[in-house]
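Colleague: Dropping in coords34.cif, with mmCIF, C-alpha atoms.
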data_model
#
loop_
_atom_site.label_atom_id
_atom_site.label_comp_id
_atom_site.auth_asym_id
_atom_site.auth_seq_id
_atom_site.Cartn_x
_atom_site.Cartn_y
_atom_site.Cartn_z
CA MET A 1 -20.82 10.54 -0.17
CA ALA A 2 -20.11 11.77 -3.72
CA MET A 3 -18.49 9.18 -5.94
CA PRO A 4 -15.89 9.78 -8.67
CA GLY A 5 -17.21 9.87 -12.20
CA ALA A 6 -16.17 7.37 -14.83
CA PRO A 7 -12.53 7.90 -15.87
CA ILE A 8 -11.57 9.20 -19.28
CA ILE A 9 -9.90 6.33 -21.13
CA LYS A 10 -7.37 6.80 -23.91
CA ALA A 11 -6.70 3.38 -25.39
CA ALA A 12 -3.27 2.15 -26.39
CA THR A 13 -2.66 2.58 -30.11
CA ALA A 14 -0.72 -0.70 -30.24
CA LYS A 15 -1.12 -3.84 -28.15
CA HIS A 16 -1.98 -2.80 -24.59
CA THR A 17 0.90 -3.85 -22.33
CA ALA A 18 1.03 -1.00 -19.79
CA THR A 19 -1.19 1.58 -18.09
CA VAL A 20 -0.71 5.08 -16.70
CA ILE A 21 -3.31 6.33 -14.21
CA PHE A 22 -3.05 10.14 -13.94
CA LEU A 23 -5.10 12.21 -11.49
CA HIS A 24 -6.02 15.84 -12.14
CA GLY A 25 -5.85 18.72 -9.69
CA LEU A 26 -8.48 20.56 -7.67
CA GLY A 27 -11.32 22.00 -9.73
CA ASP A 28 -10.25 20.18 -12.89
CA THR A 29 -11.45 17.00 -14.60
CA GLY A 30 -9.85 14.11 -16.40
CA HIS A 31 -10.46 15.99 -19.67
CA GLY A 32 -8.08 18.66 -18.43
CA TRP A 33 -5.14 16.30 -18.83
CA THR A 34 -5.95 14.95 -22.29
CA PHE A 35 -3.50 17.58 -23.59
CA GLY A 36 -0.79 15.94 -21.49
CA VAL A 37 -1.59 12.53 -22.92
CA GLN A 38 -1.37 13.99 -26.44
CA MET A 39 2.07 15.40 -25.62
CA TRP A 40 3.25 12.09 -24.20
CA LYS A 41 1.99 10.13 -27.19
CA LYS A 42 3.30 12.40 -29.94
CA ARG A 43 6.69 10.70 -30.37
CA GLY A 44 5.09 7.27 -30.73
CA ARG A 45 7.22 5.77 -27.94
CA LEU A 46 4.28 4.99 -25.67
CA ASP A 47 1.93 3.30 -28.12
CA GLU A 48 1.41 0.29 -25.83
CA VAL A 49 0.22 2.48 -22.94
CA LYS A 50 -3.42 2.84 -21.97
CA TRP A 51 -4.21 6.12 -20.20
CA VAL A 52 -6.73 6.32 -17.36
CA LEU A 53 -7.73 9.88 -16.38
CA PRO A 54 -10.05 9.70 -13.36
CA ASN A 55 -12.71 12.33 -12.60
CA ALA A 56 -12.93 13.53 -8.99
CA PRO A 57 -16.35 13.96 -7.40
CA ALA A 58 -17.66 17.44 -6.62
CA ILE A 59 -17.16 17.94 -2.87
CA PRO A 60 -17.30 20.98 -0.55
CA ILE A 61 -13.83 22.54 -0.43
CA THR A 62 -12.93 24.69 2.59
CA ALA A 63 -10.37 26.68 0.58
CA ALA A 64 -13.18 27.59 -1.85
CA GLY A 65 -15.62 28.77 0.84
CA ARG A 66 -17.19 25.28 1.04
CA MET A 67 -18.28 25.51 -2.58
CA SER A 68 -18.55 22.09 -4.24
CA VAL A 69 -15.89 21.60 -6.90
CA PRO A 70 -14.14 18.50 -8.27
CA GLY A 71 -11.65 17.44 -5.61
CA TRP A 72 -9.95 14.32 -4.32
CA PHE A 73 -10.08 15.55 -0.70
CA ASP A 74 -10.93 18.70 1.21
CA ILE A 75 -8.16 21.24 1.66
CA ASN A 76 -8.04 23.99 4.25
CA ALA A 77 -6.34 26.71 2.19
CA LEU A 78 -4.45 27.24 -1.06
CA ASN A 79 -2.76 30.60 -0.66
CA GLY A 80 0.87 29.63 -0.94
CA GLY A 81 1.39 28.82 2.74
CA ILE A 82 2.99 25.52 3.74
CA ASP A 83 1.24 25.32 7.11
CA ASP A 84 -2.11 26.18 5.55
CA ILE A 85 -1.89 23.05 3.40
CA ARG A 86 -0.46 20.80 6.11
CA ASN A 87 -2.85 21.86 8.89
CA ASN A 88 -6.25 20.19 9.34
CA GLN A 89 -5.67 17.64 6.58
CA ASP A 90 -8.69 15.68 5.40
CA GLU A 91 -7.39 12.25 6.38
CA PRO A 92 -10.72 10.44 5.79
CA GLY A 93 -10.98 11.95 2.32
CA LEU A 94 -7.36 11.14 1.52
CA LEU A 95 -7.71 7.52 2.61
CA ARG A 96 -11.03 7.15 0.80
CA THR A 97 -9.49 8.35 -2.47
CA ARG A 98 -6.46 6.14 -1.85
CA GLU A 99 -8.76 3.12 -1.82
CA TYR A 100 -10.38 4.33 -5.04
CA VAL A 101 -6.96 4.60 -6.74
CA HIS A 102 -6.00 1.15 -5.45
CA GLY A 103 -9.20 -0.11 -7.06
CA LEU A 104 -8.19 1.41 -10.40
CA ILE A 105 -4.82 -0.32 -10.13
CA GLN A 106 -6.48 -3.64 -9.36
CA ALA A 107 -8.83 -3.24 -12.33
CA GLU A 108 -5.83 -3.00 -14.66
CA ILE A 109 -4.27 -6.08 -13.06
CA ASP A 110 -7.55 -7.95 -13.46
CA ALA A 111 -7.46 -6.98 -17.15
CA GLY A 112 -4.11 -8.71 -17.52
CA ILE A 113 -1.58 -5.90 -17.01
CA PRO A 114 1.31 -6.79 -14.66
CA SER A 115 1.46 -4.41 -11.70
CA ASP A 116 5.03 -3.39 -12.56
CA ARG A 117 3.70 -2.16 -15.91
CA ILE A 118 1.42 0.34 -14.16
CA ILE A 119 2.39 3.92 -13.24
CA VAL A 120 0.34 6.20 -10.99
CA GLY A 121 0.78 9.93 -11.40
CA GLY A 122 -0.94 13.23 -10.88
CA PHE A 123 -0.83 17.02 -10.69
CA SER A 124 -1.32 19.13 -7.55
CA GLN A 125 -4.05 17.40 -5.47
CA GLY A 126 -3.82 14.51 -7.92
CA GLY A 127 -0.07 14.38 -7.44
CA ALA A 128 -0.52 14.28 -3.68
CA MET A 129 -2.85 11.32 -4.16
CA SER A 130 -0.44 9.58 -6.53
CA LEU A 131 2.37 9.75 -3.95
CA LEU A 132 0.13 8.54 -1.13
CA SER A 133 -1.66 5.85 -3.16
CA GLY A 134 1.27 4.64 -5.22
CA LEU A 135 3.78 4.29 -2.41
CA THR A 136 1.31 2.42 -0.20
CA ALA A 137 -0.13 0.26 -2.99
CA LYS A 138 -0.73 -3.41 -2.27
CA VAL A 139 1.22 -4.39 -5.39
CA LYS A 140 4.60 -3.48 -6.87
CA LEU A 141 4.18 -0.62 -9.35
CA GLY A 142 6.34 0.49 -12.26
CA GLY A 143 6.66 4.08 -11.10
CA VAL A 144 5.06 7.08 -9.41
CA ILE A 145 4.81 10.66 -10.72
CA GLY A 146 4.01 13.75 -8.64
CA LEU A 147 3.83 17.15 -10.34
CA SER A 148 3.52 20.45 -8.40
CA CYS A 149 2.42 18.54 -5.34
CA TRP A 150 3.28 17.34 -1.85
CA LEU A 151 3.16 14.21 0.28
CA PRO A 152 -0.02 14.42 2.40
CA ILE A 153 -0.38 13.13 5.97
CA ASP A 154 3.39 12.65 6.04
CA ASN A 155 3.22 12.11 9.80
CA LYS A 156 1.15 8.96 9.22
CA PHE A 157 2.88 7.94 6.00
CA PRO A 158 5.51 5.65 7.62
CA SER A 159 2.83 3.55 9.31
CA LEU A 160 0.86 3.31 6.06
CA VAL A 161 4.00 2.14 4.28
CA GLN A 162 4.57 -0.52 6.93
CA GLU A 163 1.13 -1.94 6.16
CA SER A 164 2.14 -2.47 2.51
CA ASP A 165 5.83 -1.84 1.84
CA LEU A 166 6.04 -3.15 -1.72
CA ASN A 167 7.16 0.08 -3.40
CA HIS A 168 10.22 1.13 -1.43
CA GLU A 169 12.31 0.56 -4.57
CA THR A 170 9.78 1.97 -7.04
CA PRO A 171 11.22 5.03 -8.85
CA ILE A 172 9.47 8.34 -8.15
CA PHE A 173 9.60 11.41 -10.40
CA MET A 174 8.65 14.71 -8.76
CA ALA A 175 8.66 18.12 -10.42
CA HIS A 176 7.78 21.64 -9.28
CA GLY A 177 7.94 25.21 -10.55
CA THR A 178 9.99 27.76 -8.61
CA ALA A 179 7.22 30.37 -8.95
CA ASP A 180 4.27 28.28 -7.74
CA PRO A 181 1.86 30.57 -5.83
CA VAL A 182 -0.55 27.74 -4.94
CA VAL A 183 1.51 24.77 -3.72
CA PRO A 184 4.77 26.25 -2.38
CA THR A 185 7.93 24.96 -3.99
CA ALA A 186 9.34 24.57 -0.48
CA LEU A 187 6.53 22.14 0.37
CA GLY A 188 7.33 20.00 -2.64
CA GLN A 189 11.00 20.05 -1.65
CA LEU A 190 10.11 19.15 1.93
CA SER A 191 8.13 16.14 0.66
CA TYR A 192 11.07 15.15 -1.52
CA GLU A 193 13.37 15.27 1.52
CA VAL A 194 10.92 13.21 3.59
CA LEU A 195 10.92 10.50 0.94
CA LYS A 196 14.70 10.61 0.56
CA LYS A 197 15.17 10.18 4.32
CA GLN A 198 12.95 7.11 4.15
CA ASN A 199 15.16 5.72 1.37
CA PHE A 200 12.69 5.99 -1.48
CA PRO A 201 14.37 6.34 -4.93
CA VAL A 202 12.97 9.78 -5.68
CA THR A 203 14.24 12.44 -8.06
CA MET A 204 12.98 16.01 -8.18
CA LYS A 205 13.22 18.54 -11.00
CA LEU A 206 12.72 22.27 -10.46
CA TYR A 207 11.62 24.49 -13.34
CA THR A 208 12.70 28.10 -13.04
CA GLY A 209 9.86 30.58 -13.22
CA MET A 210 7.13 27.95 -13.68
CA PRO A 211 3.91 28.76 -11.77
CA HIS A 212 1.24 26.20 -10.81
CA THR A 213 1.06 24.60 -14.23
CA ALA A 214 3.02 22.25 -16.48
CA PHE A 215 5.61 23.39 -19.02
CA ASP A 216 6.43 21.48 -22.21
CA GLU A 217 9.95 20.74 -20.91
CA GLU A 218 8.44 19.13 -17.83
CA LEU A 219 6.02 17.05 -19.88
CA ASP A 220 8.92 15.88 -22.06
CA GLU A 221 10.77 14.68 -18.96
CA VAL A 222 7.65 12.92 -17.71
CA GLU A 223 7.40 11.15 -21.07
CA ALA A 224 11.04 10.07 -20.77
CA PHE A 225 10.39 8.74 -17.26
CA ILE A 226 7.32 6.78 -18.41
CA HIS A 227 9.24 5.37 -21.38
CA SER A 228 12.10 4.28 -19.12
CA ARG A 229 9.72 2.50 -16.75
CA LEU A 230 7.31 1.11 -19.38
CA PRO A 231 9.46 0.28 -22.41
CA PRO A 232 7.62 -1.23 -25.37
CA GLN A 233 7.41 -5.01 -25.17
CA GLU A 234 6.28 -5.81 -28.70
CA GLU A 235 9.46 -4.29 -30.17
CA GLU A 236 11.53 -6.55 -27.94
CA LYS A 237 9.60 -9.58 -29.14
CA LYS A 238 10.15 -8.60 -32.78
CA SER A 239 13.90 -8.20 -32.20
CA GLU A 240 14.03 -11.72 -30.80
CA LEU A 241 12.56 -13.23 -33.98
#
Can I see the file as structure tokens?
Modeller:
Amino acid sequence: MAMPGAPIIKAATAKHTATVIFLHGLGDTGHGWTFGVQMWKKRGRLDEVKWVLPNAPAIPITAAGRMSVPGWFDINALNGGIDDIRNNQDEPGLLRTREYVHGLIQAEIDAGIPSDRIIVGGFSQGGAMSLLSGLTAKVKLGGVIGLSCWLPIDNKFPSLVQESDLNHETPIFMAHGTADPVVPTALGQLSYEVLKKQNFPVTMKLYTGMPHTAFDEELDEVEAFIHSRLPPQEEEKKSEL
């Protein structure tokens, strides 16, 4: 079984007090989201955050004619159809990657970062993994981010939550473009509704005309969400002196 490559690490520019783990989409690498990290760091409000950008292993992808490309799990089709994505889901691959993400979370805890100062996020396939992994994590997280994505194996999700229901009050930020030809907007909205019905504190932003990508406005709102969940601690200490 192919193993993920070493994550790309972007160190905190101040004292490390928080971590964001952000998973890329199908066919991409951790390097593909270094631009996002640069956007999120530019205002200097997240200087205490360490960024972990994992690299998916190359695996045969059914939607790509079984060609091996970087992917967190196999996917049947990516042609804009809801049923095509939801049918024949790669549950073993999803659960295997979930354990990998849980291991990344634990590594940050072992390094001294409180679990509620850790956010898990991702885009597309990576966003699907962030929702699944973050909301079933074995520790209380600071937040979960899912961009242009969906909640996988939603029929099994309630039982997975029951096994570790520590994040039912963890804020979730979801976002999707209204012109997404790859992951249907309606699928993202359906996942949002599933989470709402299960009383998760989830918000969802729709970006008019945005295809399967990330706009600057969206990245700005992600930065605001991260800042709200992982406020600087060193500034607070200085103000107390």
Colleague: Which is closest to Ala6 of chain A among A:Arg66, A:His31, A:Lys50, A:His227, if we use only C-alpha atoms?
Modeller: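 Among the listed residues, the smallest separation from Ala6 of chain A belongs to A:His31.
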Colleague: Segment 52-139 of chain A near segment 205-216 of chain A within 12 Å: what's each residue's closest atom pair and its distance in Å to one decimal, counting only C-alpha atoms, ordered by chain then ascending residue number, as CSV?
Modeller:
residue,atom,partner,partner_atom,distance
A:Leu78,CA,A:His212,CA,11.3
A:Asn79,CA,A:His212,CA,11.8
A:Gly80,CA,A:His212,CA,10.5
A:Gly122,CA,A:Ala214,CA,11.3
A:Phe123,CA,A:Thr213,CA,8.6
A:Ser124,CA,A:His212,CA,8.2
A:Gln125,CA,A:His212,CA,11.6
Colleague: Using the chain letters and numbers from this file, what does the PyMOL selection byres ((chain A and resi 57) around 6) select? Give the answer as a list of chain:residue names.
Modeller: A:Ala2, A:Met3, A:Pro4, A:Ala56, A:Ala58, A:Pro70
Colleague: Counting all atoms listed in the file, which of A:Asp90, A:Ala111, A:Leu195, A:Leu190 gets nearest to Ile153 of chain A?
Modeller: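 Residue with the minimum atom-to-atom distance to Ile153 of chain A: A:Asp90.
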Colleague: Which residues, written as a PyMOL selection string, have at least one atom at most 7 Å from Asn76 of chain A, with only C-alpha atoms counted and residues fewer than 6 positions away on the same chain left out?
Modeller: chain A and resi 62-63+84-85+88
Colleague: Of the residues A:Thr203, A:Gln198, A:Ser159, A:Gln89, which is the one nearest to Val144 of chain A, using all atoms listed in the file?
Modeller: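 Among the listed residues, A:Thr203 lies closest to Val144 of chain A.
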Colleague: Excluding Ala175 of chain A and any residue of its chain fewer than 2 positions from it, enumerate the residues within 7 Å of it, using all atoms listed in the file, and give them as an mmCIF file with C-alpha atoms, in the frame of the given file.
Modeller:
data_model
loop_
_atom_site.group_PDB
_atom_site.id
_atom_site.type_symbol
_atom_site.label_atom_id
_atom_site.label_comp_id
_atom_site.auth_asym_id
_atom_site.auth_seq_id
_atom_site.Cartn_x
_atom_site.Cartn_y
_atom_site.Cartn_z
ATOM 1 C CA GLY A 146 4.010 13.750 -8.640
ATOM 2 C CA LEU A 147 3.830 17.150 -10.340
ATOM 3 C CA SER A 148 3.520 20.450 -8.400
ATOM 4 C CA PHE A 173 9.600 11.410 -10.400
ATOM 5 C CA MET A 204 12.980 16.010 -8.180
ATOM 6 C CA LYS A 205 13.220 18.540 -11.000
ATOM 7 C CA LEU A 206 12.720 22.270 -10.460
#
Colleague: Do you have the atom CA of Lys42 of chain A-atom CA of Glu218 of chain A distance handy?
Modeller: 14.8 Å
Colleague: Point out the residue among A:Asp154, A:Asp116, A:Glu163, A:Asp83 with the least atom-to-atom distance to Lys140 of chain A, counting all atoms listed in the file.
Modeller: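 Using all atoms listed in the file, the shortest distance to Lys140 of chain A belongs to A:Asp116.
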Colleague: For a quick check of understanding, using all atoms listed in the file, which of A:His168, A:Asn87, A:Gly5, A:Gly27 has the smallest distance to Asn55 of chain A?
Modeller: A:Gly5
Colleague: Suppose a student applies the PyMOL selection byres ((chain A and resi 138) around 7) to this structure; what residues should they get, written as a list in words?
Modeller: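 Matching residues under the PyMOL selection byres ((chain A and resi 138) around 7) are Thr136, Ala137, Val139, Ser164 and Leu166 of chain A.
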